[in-house]
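**Student:** Input structure: input.cif, which contains mmCIF, C-alpha atoms.
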data_start
loop_
_atom_site.group_PDB
_atom_site.id
_atom_site.type_symbol
_atom_site.label_atom_id
_atom_site.label_comp_id
_atom_site.auth_asym_id
_atom_site.auth_seq_id
_atom_site.Cartn_x
_atom_site.Cartn_y
_atom_site.Cartn_z
ATOM 1 C CA MET A 1 40.511 139.466 74.259
ATOM 2 C CA GLN A 2 42.374 141.798 76.627
ATOM 3 C CA ILE A 3 45.720 140.077 75.909
ATOM 4 C CA VAL A 4 45.232 140.322 72.122
ATOM 5 C CA GLY A 5 44.422 144.039 72.388
ATOM 6 C CA ILE A 6 47.477 144.771 74.537
ATOM 7 C CA LEU A 7 49.690 142.851 72.100
ATOM 8 C CA ILE A 8 48.409 144.721 69.016
ATOM 9 C CA THR A 9 48.671 148.092 70.781
ATOM 10 C CA GLY A 10 52.253 147.253 71.818
ATOM 11 C CA ILE A 11 53.246 146.531 68.214
ATOM 12 C CA GLY A 12 51.736 149.843 67.081
ATOM 13 C CA VAL A 13 53.444 151.851 69.829
ATOM 14 C CA LEU A 14 56.803 150.282 68.956
ATOM 15 C CA PHE A 15 56.368 151.329 65.315
ATOM 16 C CA LEU A 16 55.456 154.883 66.374
ATOM 17 C CA LEU A 17 58.676 155.086 68.421
ATOM 18 C CA LEU A 18 60.732 153.791 65.462
ATOM 19 C CA GLY A 19 59.182 156.368 63.117
ATOM 20 C CA SER A 20 59.967 159.209 65.515
ATOM 21 C CA TYR A 21 63.543 157.950 65.886
ATOM 22 C CA GLY A 22 63.891 157.914 62.096
ATOM 23 C CA ILE A 23 62.773 161.563 61.987
ATOM 24 C CA VAL A 24 65.774 162.484 64.160
ATOM 25 C CA ARG A 25 68.354 160.102 62.710
ATOM 26 C CA LEU A 26 68.035 160.137 58.901
ATOM 27 C CA PRO A 27 70.088 162.669 56.894
ATOM 28 C CA ASP A 28 67.720 164.164 54.308
ATOM 29 C CA VAL A 29 64.231 165.593 53.795
ATOM 30 C CA TYR A 30 63.119 162.721 51.576
ATOM 31 C CA ASN A 31 64.436 159.984 53.879
ATOM 32 C CA ARG A 32 62.746 161.679 56.824
ATOM 33 C CA LEU A 33 59.535 161.849 54.827
ATOM 34 C CA GLN A 34 59.686 158.113 54.187
ATOM 35 C CA ALA A 35 60.182 157.350 57.890
ATOM 36 C CA GLY A 36 57.430 159.777 58.806
ATOM 37 C CA THR A 37 54.788 158.412 56.476
ATOM 38 C CA LYS A 38 55.181 154.624 56.458
ATOM 39 C CA CYS A 39 56.072 153.778 60.042
ATOM 40 C CA THR A 40 53.733 156.364 61.502
ATOM 41 C CA THR A 41 50.661 155.364 59.467
ATOM 42 C CA PHE A 42 51.167 151.673 60.288
ATOM 43 C CA GLY A 43 51.762 152.342 63.967
ATOM 44 C CA ALA A 44 48.762 154.652 64.356
ATOM 45 C CA LEU A 45 46.448 152.123 62.631
ATOM 46 C CA PHE A 46 47.566 149.279 64.916
ATOM 47 C CA THR A 47 47.401 151.403 68.071
ATOM 48 C CA ILE A 48 43.867 152.688 67.433
ATOM 49 C CA ILE A 49 42.430 149.317 66.401
ATOM 50 C CA GLY A 50 44.148 147.685 69.397
ATOM 51 C CA VAL A 51 42.339 150.089 71.733
ATOM 52 C CA GLY A 52 39.090 149.164 69.942
ATOM 53 C CA ILE A 53 39.766 145.465 70.621
ATOM 54 C CA MET A 54 40.559 146.110 74.292
ATOM 55 C CA GLU A 55 37.186 147.875 74.758
ATOM 56 C CA PRO A 56 34.769 146.021 72.410
ATOM 57 C CA SER A 57 31.928 148.574 72.507
ATOM 58 C CA TRP A 58 34.227 151.230 71.022
ATOM 59 C CA PHE A 59 35.224 149.178 67.980
ATOM 60 C CA TRP A 60 33.252 150.951 65.213
ATOM 61 C CA LYS A 61 34.292 154.447 66.225
ATOM 62 C CA THR A 62 37.979 153.504 66.381
ATOM 63 C CA LEU A 63 37.595 151.902 62.945
ATOM 64 C CA ILE A 64 36.300 155.238 61.582
ATOM 65 C CA ILE A 65 39.290 157.121 63.094
ATOM 66 C CA ALA A 66 41.693 154.590 61.550
ATOM 67 C CA LEU A 67 39.970 155.008 58.171
ATOM 68 C CA PHE A 68 40.421 158.798 58.335
ATOM 69 C CA ILE A 69 44.132 158.417 59.109
ATOM 70 C CA LEU A 70 44.535 155.905 56.277
ATOM 71 C CA LEU A 71 42.920 158.346 53.839
ATOM 72 C CA THR A 72 44.487 161.677 54.843
ATOM 73 C CA ASN A 73 48.070 160.923 55.927
ATOM 74 C CA PRO A 74 49.510 159.696 52.569
ATOM 75 C CA ILE A 75 47.893 162.614 50.714
ATOM 76 C CA SER A 76 49.537 165.266 52.879
ATOM 77 C CA ASN A 77 52.919 163.530 52.864
ATOM 78 C CA HIS A 78 52.851 163.187 49.082
ATOM 79 C CA ALA A 79 52.053 166.889 48.762
ATOM 80 C CA LEU A 80 54.997 167.737 51.057
ATOM 81 C CA GLY A 81 57.417 165.574 49.058
ATOM 82 C CA ARG A 82 56.329 167.088 45.752
ATOM 83 C CA ALA A 83 56.623 170.615 47.163
ATOM 84 C CA SER A 84 60.114 170.065 48.564
ATOM 85 C CA ARG A 85 61.213 168.582 45.231
ATOM 86 C CA LYS A 86 59.867 171.565 43.271
ATOM 87 C CA SER A 87 61.297 174.168 45.652
ATOM 88 C CA GLY A 88 64.798 172.860 44.911
ATOM 89 C CA ILE A 89 66.012 171.216 48.125
ATOM 90 C CA PRO A 90 69.036 169.050 47.185
ATOM 91 C CA LEU A 91 69.453 165.356 47.943
ATOM 92 C CA CYS A 92 72.114 164.249 50.433
ATOM 93 C CA ASP A 93 75.557 163.281 49.128
ATOM 94 C CA ARG A 94 75.172 159.553 49.865
ATOM 95 C CA SER A 95 72.091 158.985 47.679
ATOM 96 C CA VAL A 96 72.650 156.710 44.686
ATOM 97 C CA VAL A 97 69.695 157.192 42.316
ATOM 98 C CA ASP A 98 67.726 160.252 41.178
ATOM 99 C CA LYS A 99 64.938 159.292 38.807
ATOM 100 C CA ALA A 100 63.276 162.730 38.654
ATOM 101 C CA SER A 101 66.250 164.618 37.162
ATOM 102 C CA GLU A 102 66.877 161.710 34.748
ATOM 103 C CA PHE A 103 63.296 162.045 33.587
ATOM 104 C CA GLU A 104 63.666 165.806 33.115
ATOM 105 C CA GLN A 105 66.838 165.332 31.029
ATOM 106 C CA TYR A 106 65.067 162.683 28.941
ATOM 107 C CA LYS A 107 62.093 164.962 28.389
ATOM 108 C CA GLY A 108 64.368 167.823 27.297
ATOM 109 C CA LYS A 109 66.193 165.570 24.804
ATOM 110 C CA VAL A 110 63.058 164.283 23.015
ATOM 111 C CA MET B 111 49.119 149.285 84.164
ATOM 112 C CA SER B 112 50.230 148.764 80.578
ATOM 113 C CA GLU B 113 48.558 152.009 79.416
ATOM 114 C CA ILE B 114 51.053 154.094 81.425
ATOM 115 C CA PHE B 115 53.886 152.257 79.676
ATOM 116 C CA PHE B 116 52.367 152.977 76.253
ATOM 117 C CA LEU B 117 51.844 156.661 77.118
ATOM 118 C CA THR B 118 55.488 156.963 78.216
ATOM 119 C CA ILE B 119 56.800 155.462 74.959
ATOM 120 C CA ILE B 120 54.619 157.748 72.818
ATOM 121 C CA GLY B 121 55.771 160.726 74.935
ATOM 122 C CA ILE B 122 59.390 159.868 74.073
ATOM 123 C CA GLY B 123 58.364 159.894 70.395
ATOM 124 C CA ILE B 124 56.792 163.347 70.723
ATOM 125 C CA VAL B 125 60.004 164.674 72.333
ATOM 126 C CA LEU B 126 62.100 163.290 69.439
ATOM 127 C CA CYS B 127 59.864 164.991 66.849
ATOM 128 C CA PHE B 128 60.130 168.273 68.799
ATOM 129 C CA PHE B 129 63.915 167.990 68.705
ATOM 130 C CA ARG B 130 63.818 167.777 64.900
ATOM 131 C CA MET B 131 61.409 170.734 64.756
ATOM 132 C CA LEU B 132 63.788 172.890 66.802
ATOM 133 C CA LYS B 133 66.923 171.830 64.914
ATOM 134 C CA GLY B 134 65.861 171.296 61.283
ATOM 135 C CA PRO B 135 67.917 173.190 58.674
ATOM 136 C CA THR B 136 65.124 174.157 56.269
ATOM 137 C CA ALA B 137 61.413 174.855 56.584
ATOM 138 C CA ALA B 138 60.504 171.576 54.826
ATOM 139 C CA ASP B 139 62.116 169.558 57.645
ATOM 140 C CA ARG B 140 59.988 171.383 60.168
ATOM 141 C CA ALA B 141 56.854 170.740 58.100
ATOM 142 C CA VAL B 142 57.652 166.996 58.003
ATOM 143 C CA ALA B 143 58.143 167.003 61.782
ATOM 144 C CA LEU B 144 54.766 168.772 62.223
ATOM 145 C CA ASP B 145 52.974 166.194 60.089
ATOM 146 C CA THR B 146 54.549 163.307 62.014
ATOM 147 C CA VAL B 147 53.783 164.785 65.419
ATOM 148 C CA THR B 148 50.101 165.254 64.537
ATOM 149 C CA THR B 149 49.745 161.566 63.635
ATOM 150 C CA VAL B 150 51.518 160.519 66.837
ATOM 151 C CA THR B 151 49.237 162.820 68.831
ATOM 152 C CA VAL B 152 46.061 161.173 67.481
ATOM 153 C CA ALA B 153 47.252 157.796 68.825
ATOM 154 C CA PHE B 154 48.210 159.479 72.145
ATOM 155 C CA LEU B 155 44.705 160.942 72.529
ATOM 156 C CA VAL B 156 43.003 157.594 71.807
ATOM 157 C CA ILE B 157 45.067 155.795 74.494
ATOM 158 C CA LEU B 158 44.390 158.665 76.923
ATOM 159 C CA GLY B 159 40.650 158.271 76.301
ATOM 160 C CA TYR B 160 41.004 154.591 77.201
ATOM 161 C CA VAL B 161 42.739 155.569 80.458
ATOM 162 C CA PHE B 162 39.897 157.937 81.418
ATOM 163 C CA LYS B 163 37.206 155.369 80.337
ATOM 164 C CA ARG B 164 34.945 157.953 78.620
ATOM 165 C CA TYR B 165 33.362 157.254 75.229
ATOM 166 C CA VAL B 166 32.852 160.963 74.417
ATOM 167 C CA TYR B 167 36.580 161.676 74.443
ATOM 168 C CA LEU B 168 37.089 159.859 71.147
ATOM 169 C CA ASP B 169 35.408 162.776 69.339
ATOM 170 C CA VAL B 170 38.470 164.977 69.820
ATOM 171 C CA SER B 171 40.753 162.539 68.024
ATOM 172 C CA LEU B 172 38.101 162.055 65.306
ATOM 173 C CA VAL B 173 38.054 165.807 64.599
ATOM 174 C CA TYR B 174 41.849 165.959 64.721
ATOM 175 C CA ALA B 175 42.276 163.067 62.300
ATOM 176 C CA ALA B 176 39.832 164.659 59.864
ATOM 177 C CA LEU B 177 41.323 168.173 60.012
ATOM 178 C CA MET B 178 45.054 167.648 60.388
ATOM 179 C CA PHE B 179 45.796 167.354 56.695
ATOM 180 C CA VAL B 180 44.429 170.818 55.816
ATOM 181 C CA GLY B 181 47.388 172.543 57.478
ATOM 182 C CA SER B 182 49.948 170.287 55.795
ATOM 183 C CA VAL B 183 48.377 170.744 52.351
ATOM 184 C CA VAL B 184 48.323 174.546 52.775
ATOM 185 C CA ILE B 185 52.015 174.570 53.812
ATOM 186 C CA ALA B 186 52.884 172.329 50.851
ATOM 187 C CA ARG B 187 51.050 174.576 48.382
ATOM 188 C CA PHE B 188 52.921 177.591 49.761
ATOM 189 C CA LEU B 189 56.279 175.817 49.462
ATOM 190 C CA GLU B 190 55.560 174.742 45.894
ATOM 191 C CA LYS B 191 54.587 178.019 44.245
ATOM 192 C CA GLY B 192 52.939 180.277 46.827
ATOM 193 C CA ILE B 193 49.221 179.319 47.241
ATOM 194 C CA MET C 194 51.446 163.464 86.282
ATOM 195 C CA ILE C 195 55.030 163.859 85.092
ATOM 196 C CA ILE C 196 53.738 163.803 81.504
ATOM 197 C CA VAL C 197 51.900 167.107 82.161
ATOM 198 C CA TYR C 198 55.073 168.857 83.305
ATOM 199 C CA LEU C 199 56.949 167.526 80.257
ATOM 200 C CA LEU C 200 54.198 168.805 77.933
ATOM 201 C CA VAL C 201 54.337 172.261 79.556
ATOM 202 C CA LEU C 202 58.118 172.356 79.018
ATOM 203 C CA LEU C 203 57.675 171.394 75.344
ATOM 204 C CA MET C 204 55.026 174.111 74.919
ATOM 205 C CA LEU C 205 57.405 176.695 76.399
ATOM 206 C CA ALA C 206 60.213 175.591 74.051
ATOM 207 C CA ALA C 207 57.938 175.823 70.997
ATOM 208 C CA ALA C 208 56.688 179.279 72.036
ATOM 209 C CA ILE C 209 60.259 180.590 72.442
ATOM 210 C CA ALA C 210 61.173 179.101 69.056
ATOM 211 C CA ALA C 211 58.190 180.798 67.397
ATOM 212 C CA SER C 212 59.470 184.186 68.528
ATOM 213 C CA VAL C 213 63.133 183.553 67.686
ATOM 214 C CA PHE C 214 62.990 182.139 64.123
ATOM 215 C CA LYS C 215 63.846 184.504 61.266
ATOM 216 C CA ASP C 216 62.022 182.443 58.632
ATOM 217 C CA LEU C 217 58.352 183.254 59.141
ATOM 218 C CA LEU C 218 57.087 179.917 57.738
ATOM 219 C CA SER C 219 59.041 178.117 60.508
ATOM 220 C CA ALA C 220 57.491 180.487 63.039
ATOM 221 C CA VAL C 221 53.998 179.552 61.788
ATOM 222 C CA ILE C 222 54.833 175.838 62.168
ATOM 223 C CA ALA C 223 56.052 176.419 65.736
ATOM 224 C CA ALA C 224 52.843 178.316 66.579
ATOM 225 C CA CYS C 225 50.817 175.375 65.230
ATOM 226 C CA LEU C 226 52.719 173.067 67.593
ATOM 227 C CA VAL C 227 51.932 175.373 70.538
ATOM 228 C CA SER C 228 48.222 175.017 69.707
ATOM 229 C CA LEU C 229 48.576 171.211 69.496
ATOM 230 C CA ILE C 230 50.124 170.954 72.971
ATOM 231 C CA ALA C 231 47.407 173.287 74.319
ATOM 232 C CA ALA C 232 44.771 170.854 72.970
ATOM 233 C CA ILE C 233 46.428 167.942 74.818
ATOM 234 C CA LEU C 234 46.545 169.977 78.061
ATOM 235 C CA PHE C 235 42.813 170.790 77.802
ATOM 236 C CA TYR C 236 42.246 167.057 77.332
ATOM 237 C CA PHE C 237 44.097 166.341 80.587
ATOM 238 C CA LEU C 238 41.925 168.921 82.385
ATOM 239 C CA GLN C 239 38.762 166.929 81.390
ATOM 240 C CA ALA C 240 37.368 169.533 78.990
ATOM 241 C CA PRO C 241 36.939 167.730 75.645
ATOM 242 C CA ASP C 242 34.758 170.374 73.967
ATOM 243 C CA VAL C 243 37.352 173.123 74.505
ATOM 244 C CA ALA C 244 40.017 170.729 73.244
ATOM 245 C CA MET C 245 37.968 170.046 70.103
ATOM 246 C CA ALA C 246 37.569 173.776 69.339
ATOM 247 C CA GLU C 247 41.273 174.424 70.023
ATOM 248 C CA ALA C 248 42.345 171.547 67.770
ATOM 249 C CA SER C 249 40.160 172.515 64.816
ATOM 250 C CA ILE C 250 40.994 176.228 64.971
ATOM 251 C CA GLY C 251 44.702 175.774 65.673
ATOM 252 C CA ALA C 252 45.324 173.036 63.140
ATOM 253 C CA ALA C 253 43.479 174.377 60.121
ATOM 254 C CA LEU C 254 42.245 177.953 60.415
ATOM 255 C CA VAL C 255 45.173 179.796 62.051
ATOM 256 C CA THR C 256 47.739 178.139 59.759
ATOM 257 C CA ALA C 257 45.776 179.011 56.601
ATOM 258 C CA VAL C 258 45.214 182.647 57.638
ATOM 259 C CA PHE C 259 48.872 183.185 58.601
ATOM 260 C CA ILE C 260 50.126 181.635 55.356
ATOM 261 C CA VAL C 261 47.845 183.861 53.264
ATOM 262 C CA ALA C 262 49.256 186.817 55.227
ATOM 263 C CA ILE C 263 52.864 185.708 54.544
ATOM 264 C CA LYS C 264 51.996 185.318 50.858
ATOM 265 C CA ARG C 265 50.846 188.957 50.683
ATOM 266 C CA THR C 266 53.988 190.284 52.480
ATOM 267 C CA LYS C 267 57.593 189.058 52.751
ATOM 268 C CA ARG C 268 58.732 185.618 53.907
ATOM 269 C CA HIS C 269 62.104 186.396 55.510
ATOM 270 C CA GLU C 270 62.532 188.835 58.348
ATOM 271 C CA GLU C 271 65.637 191.037 58.430
#
Could you write out this file's structure as structure tokens?
**Tutor:**
Amino acid sequence: MQIVGILITGIGVLFLLLGSYGIVRLPDVYNRLQAGTKCTTFGALFTIIGVGIMEPSWFWKTLIIALFILLTNPISNHALGRASRKSGIPLCDRSVVDKASEFEQYKGKV
Amino acid sequence: MSEIFFLTIIGIGIVLCFFRMLKGPTAADRAVALDTVTTVTVAFLVILGYVFKRYVYLDVSLVYAALMFVGSVVIARFLEKGI
Amino acid sequence: MIIVYLLVLLMLAAAIAASVFKDLLSAVIAACLVSLIAAILFYFLQAPDVAMAEASIGAALVTAVFIVAIKRTKRHEE
């Protein structure tokens, strides 16, 4: 049981490190937002549940913390992405598709 | 022994997020870095509670996980159209 | 123990940044990070109730009050 907990916590910690590295490395607000929401939510879930497996009497409380993170983190990141889109921050020059401005042109034409 | 290793790796992650907060060109970059560093900090506090072997210490991370999205939503509403 | 010294250095850097930034929204974000590091330091000093109060006030209440204040005045400092 101890070995399984250490293994799951190690996977989660590795994903947290990769998400933080993506925050530094990627070129744009939207790419950074993607690295900051997917990798970090996955890594935090695995880390917290791995601690709950290592100490079996803590399992239900760690499950509640993981449930809170799973509910609140995508909501706040979605609000940040929508706000930075509406406040007019441009995309980086290497991006290939922009569905939002295509949709606004289509809506103005009809 | 492995907990010290995990704490060191998460500390490197916190330093990287701080670097983006100090350097970021616009305010939205800094808000993204703040949201990431709060999630990383919740995992840091849970592992630290396992190092100290106290059950009561999990309450801090529970409160933090429940309240951290209020600040991000308020910042996002201000960026969108001003509250 | 070296983690504590590193956290104190990060707290100092965030506090200097909060006083240097010209954009006041960035200064509010830096002040929120100072409060977060203070919560972790209280946790290291074995005082979880103080850490809980610091986390809840610094994460939600101070940010909301400062942003309402920025909304009523100007955002950019000359």
**Student:** Residues of chain C were defined as contacting chain B if any atom lay at most 10 Å from it, counting all atoms listed in the file; please report them as a PyMOL selection string.
**Tutor:** chain C and resi 195-196+199-200+203-204+206-207+210-211+214+216-223+225-226+229-230+232-233+236-237+239-258+260-261+263-265
**Student:** So how far away is atom CA of Val29 of chain A from atom CA of Phe116 of chain B, in Å?
**Tutor:**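 Answer for the atom CA of Phe116 of chain B to atom CA of Val29 of chain A separation: 28.4 Å.
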**Student:** Would you compute the distance between atom CA of Thr72 of chain A and atom CA of Tyr30 of chain A? Give it in Å to one decimal.
**Tutor:**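 Answer for the atom CA of Thr72 of chain A to atom CA of Tyr30 of chain A separation: 18.9 Å.
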**Student:** Enter the distance from atom CA of Lys38 of chain A to atom CA of Leu63 of chain A, in Å, rounded to one decimal.
**Tutor:**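 Atom CA of Leu63 of chain A lies 18.9 Å from atom CA of Lys38 of chain A.
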**Student:** Got a sec to resolve the PyMOL selection byres ((chain A) within 7 of (chain B)) on this structure and send the residues as a list in words?
**Tutor:**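 Applied to this file, the PyMOL selection byres ((chain A) within 7 of (chain B)) returns Val13, Leu16, Leu17, Ser20, Tyr21, Ile23, Val24, Val29, Leu33, Gly36, Thr40, Ala44, Thr47, Ile48, Val51, Ile65, Phe68, Ile69, Thr72, Asn73, Ser76, Ala79, Leu80, Ala83, Ser84, Lys86 and Ser87 of chain A.
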**Student:** Looking at all atoms listed in the file, which of A:Thr37, A:Glu55, A:Asn31, A:Gly43 is the one that sits closest to Val161 of chain B?
**Tutor:**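 Among A:Thr37, A:Glu55, A:Asn31, A:Gly43, it is A:Glu55 that comes nearest to Val161 of chain B.
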